[in-house]
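Accompanying notes for the structure given below.
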Amino acid sequence: MRVIIKDNLEDCSVWTASYIAYRIKQAKPTAKNPFVLGLPTGSTPLGVYKELIYMCKNKKVSFEHVVTFNMDEYVGIEPNNPQSYHYFMYHNFFNHIDINQKNIHILNGMTKDYAKECENYEQSILTYGGIDLFLGGVGSDGHIAFNEPFSSLSSRTRIKTLAPSTIKDNSRFFNNDIKNVPTQALTVGVGTIMDAKEVIIMASGNNKADAIYQAVEGSINQKWTITAMQNHPHGIIVCDKSAASKLSSEAIEYFNSIENPK
């Protein structure tokens, strides 16, 4: 596992966007052999999307032959609702790049058959040969996507009831009113994410420091689903100094020496 420690979220965003663009260009995707990208929502990846949009508009990367799968969607929120992840993705990313609409995949939170929707999502990922790179964030309690604490580390796409801490964290998107936050979501599983050829998890701020400590120096366990990253052959954590503040000096020195050799 690589751990990239930057001064702030902006630097993390630039590094991550540049890496994603590099991987896309390196793959030389075509219509028959697209690059498959897993994507998150939330405030953390906004800088990455902004940078990728800039790169796309300046012809430094193209999404013409990129297929995307989003991590999750709230249950019971219409796609055109400003709080839906459909709306978030189009407003903050898809509307501004050269992606083909048929290549965008987001779970349907309004479905009448959650199990079938989730099964079809998994099958669709397999149809494309799996995900090449999955970008994600992490919650303050260490959850990735909506795989709350004590989720199975081999879990697949499914419906999940959100933990109180997640509902509280996400209330900032709902006028800080917990009562307006959905209590369930459809989400890819930990196993779904870990099946990707590469996984990048971003983190910023002191409130993510415990999660990053557990991810890097803790044991692999279901309480902190981010710890599954330790078993991934090509996992990358990109965090700012605040999020890395609880790592041991030995860990920080080790990872910095690898990324910035003298």
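Chain labels A, B, ... are given in the sequence in which chains occur in the structure tokens; within each chain residues are numbered consecutively from 1, and ligands are likewise numbered from 1 in the order shown.
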Self-check item: Residues within 6 Å of stretch 108-115 of chain A, only C-alpha atoms, excluding chain neighbours under 3 positions, as an NGL selection string
Solution: :A and (73-76 or 118)
Practice problem: Just the residues within 10 Å of stretch 97-100 of chain A, please, counting only C-alpha atoms, with nothing from its chain fewer than 5 positions along; format it as a ChimeraX atom specification. | Solution: /A:49,52-57,61-68,90
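With atom CA of A:Phe173 on one side and atom CA of A:Pro82 on the other, the separation reads 9.6 Å.
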Quiz prompt | Residue contacts of A:Asp240 (12 Å, only C-alpha atoms) excluding same-chain residues fewer than 6 positions away, as a PyMOL selection string | solution = chain A and resi 3-13+15+44+201-209+212+246-247+252
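With only C-alpha atoms as the basis for measurement, A:Ile200 is the residue among A:Met229, A:Ile104, A:Ile200, A:Ala27 that approaches A:Pro45 most closely.
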Quiz item: Counting only C-alpha atoms, what is within 12 Å of A:Ser249, bar same-chain residues fewer than 6 positions away, as a list in words?
Solution: Tyr213, Glu217, Phe255, Asn256 and Ser257 of chain A
Those same residues - all heavy atoms - I'd like them written as a short mmCIF file (atom, residue, chain, number, x, y, z; two decimals), in the first residue's frame.
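Wrote it out as again22.cif, contents follow:
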```
data_model
loop_
_atom_site.label_atom_id
_atom_site.label_comp_id
_atom_site.auth_asym_id
_atom_site.auth_seq_id
_atom_site.Cartn_x
_atom_site.Cartn_y
_atom_site.Cartn_z
N TYR A 213 -5.17 6.26 10.63
CA TYR A 213 -4.30 5.47 11.51
C TYR A 213 -4.68 3.99 11.44
O TYR A 213 -3.81 3.11 11.30
CB TYR A 213 -4.39 5.96 12.95
CG TYR A 213 -3.69 5.02 13.90
CD1 TYR A 213 -2.30 5.05 14.04
CD2 TYR A 213 -4.40 4.07 14.63
CE1 TYR A 213 -1.64 4.16 14.87
CE2 TYR A 213 -3.75 3.17 15.47
CZ TYR A 213 -2.37 3.22 15.58
OH TYR A 213 -1.73 2.32 16.41
N GLU A 217 -1.95 1.46 10.24
CA GLU A 217 -1.24 0.80 11.34
C GLU A 217 -2.12 -0.11 12.19
O GLU A 217 -1.62 -0.82 13.06
CB GLU A 217 -0.57 1.85 12.22
CG GLU A 217 0.45 2.70 11.47
CD GLU A 217 1.26 3.58 12.39
OE1 GLU A 217 1.89 3.05 13.33
OE2 GLU A 217 1.27 4.81 12.17
N PHE A 255 6.84 6.19 4.51
CA PHE A 255 6.09 6.50 3.30
C PHE A 255 6.63 7.74 2.59
O PHE A 255 6.67 7.78 1.36
CB PHE A 255 4.60 6.64 3.62
CG PHE A 255 3.95 5.33 3.95
CD1 PHE A 255 3.48 5.07 5.23
CD2 PHE A 255 3.80 4.35 2.99
CE1 PHE A 255 2.88 3.85 5.54
CE2 PHE A 255 3.21 3.13 3.28
CZ PHE A 255 2.76 2.88 4.57
N ASN A 256 7.07 8.72 3.35
CA ASN A 256 7.65 9.92 2.72
C ASN A 256 8.96 9.59 2.02
O ASN A 256 9.26 10.15 0.96
CB ASN A 256 7.88 11.01 3.76
CG ASN A 256 6.61 11.76 4.12
OD1 ASN A 256 5.63 11.70 3.40
ND2 ASN A 256 6.62 12.47 5.24
N SER A 257 9.74 8.69 2.59
CA SER A 257 11.02 8.33 1.98
C SER A 257 10.82 7.59 0.66
O SER A 257 11.64 7.72 -0.27
CB SER A 257 11.84 7.47 2.93
OG SER A 257 11.25 6.17 3.10
#
```
Exercise. Just the strand (DSSP E or B) stuff from stretch 71-132 of chain A, please, per backbone DSSP, written as a ChimeraX atom specification.
Key: /A:72-74,104-105
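The smallest atom-to-atom distance between A:Cys239 and any of A:Val14, A:Ile125, A:Ile24, A:Leu39, using only C-alpha atoms, is found for A:Val14.
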Self-check item: Residue contacts of A:Thr161 (8 Å, only C-alpha atoms) excluding same-chain residues fewer than 5 positions away, as a list in words
Solution: Thr183, Gln184 and Ala185 of chain A
A:Arg2 surroundings by only C-alpha atoms, 9 Å radius, close-in-sequence under 2 positions cut, as a short mmCIF file (atom, residue, chain, number, x, y, z; two decimals) with N, CA, C and O atoms, in the first residue's frame:
```cif
data_model
loop_
_atom_site.label_atom_id
_atom_site.label_comp_id
_atom_site.auth_asym_id
_atom_site.auth_seq_id
_atom_site.Cartn_x
_atom_site.Cartn_y
_atom_site.Cartn_z
N ILE A 4 0.30 8.57 0.35
CA ILE A 4 0.76 9.86 -0.16
C ILE A 4 0.29 10.94 0.82
O ILE A 4 -0.91 11.11 1.02
N HIS A 234 -2.68 -3.10 -4.91
CA HIS A 234 -2.37 -1.80 -5.50
C HIS A 234 -3.28 -0.73 -4.87
O HIS A 234 -4.00 -0.03 -5.57
N GLY A 235 -3.21 -0.62 -3.56
CA GLY A 235 -4.00 0.38 -2.84
C GLY A 235 -3.18 1.62 -2.57
O GLY A 235 -1.98 1.55 -2.27
N ILE A 236 -3.82 2.78 -2.68
CA ILE A 236 -3.16 4.06 -2.42
C ILE A 236 -4.04 4.91 -1.51
O ILE A 236 -5.23 5.09 -1.79
N ILE A 237 -3.48 5.41 -0.44
CA ILE A 237 -4.16 6.38 0.41
C ILE A 237 -3.53 7.74 0.17
O ILE A 237 -2.30 7.88 0.25
N VAL A 238 -4.36 8.71 -0.17
CA VAL A 238 -3.88 10.08 -0.39
C VAL A 238 -4.52 10.95 0.69
O VAL A 238 -5.74 11.10 0.73
N PHE A 255 6.84 6.19 4.51
CA PHE A 255 6.09 6.50 3.30
C PHE A 255 6.63 7.74 2.59
O PHE A 255 6.67 7.78 1.36
N ILE A 258 9.71 6.84 0.54
CA ILE A 258 9.43 6.12 -0.69
C ILE A 258 8.97 7.08 -1.77
O ILE A 258 9.39 7.00 -2.94
N GLU A 259 8.10 8.00 -1.39
CA GLU A 259 7.53 8.92 -2.38
C GLU A 259 8.46 10.09 -2.71
O GLU A 259 8.38 10.66 -3.80
#
```
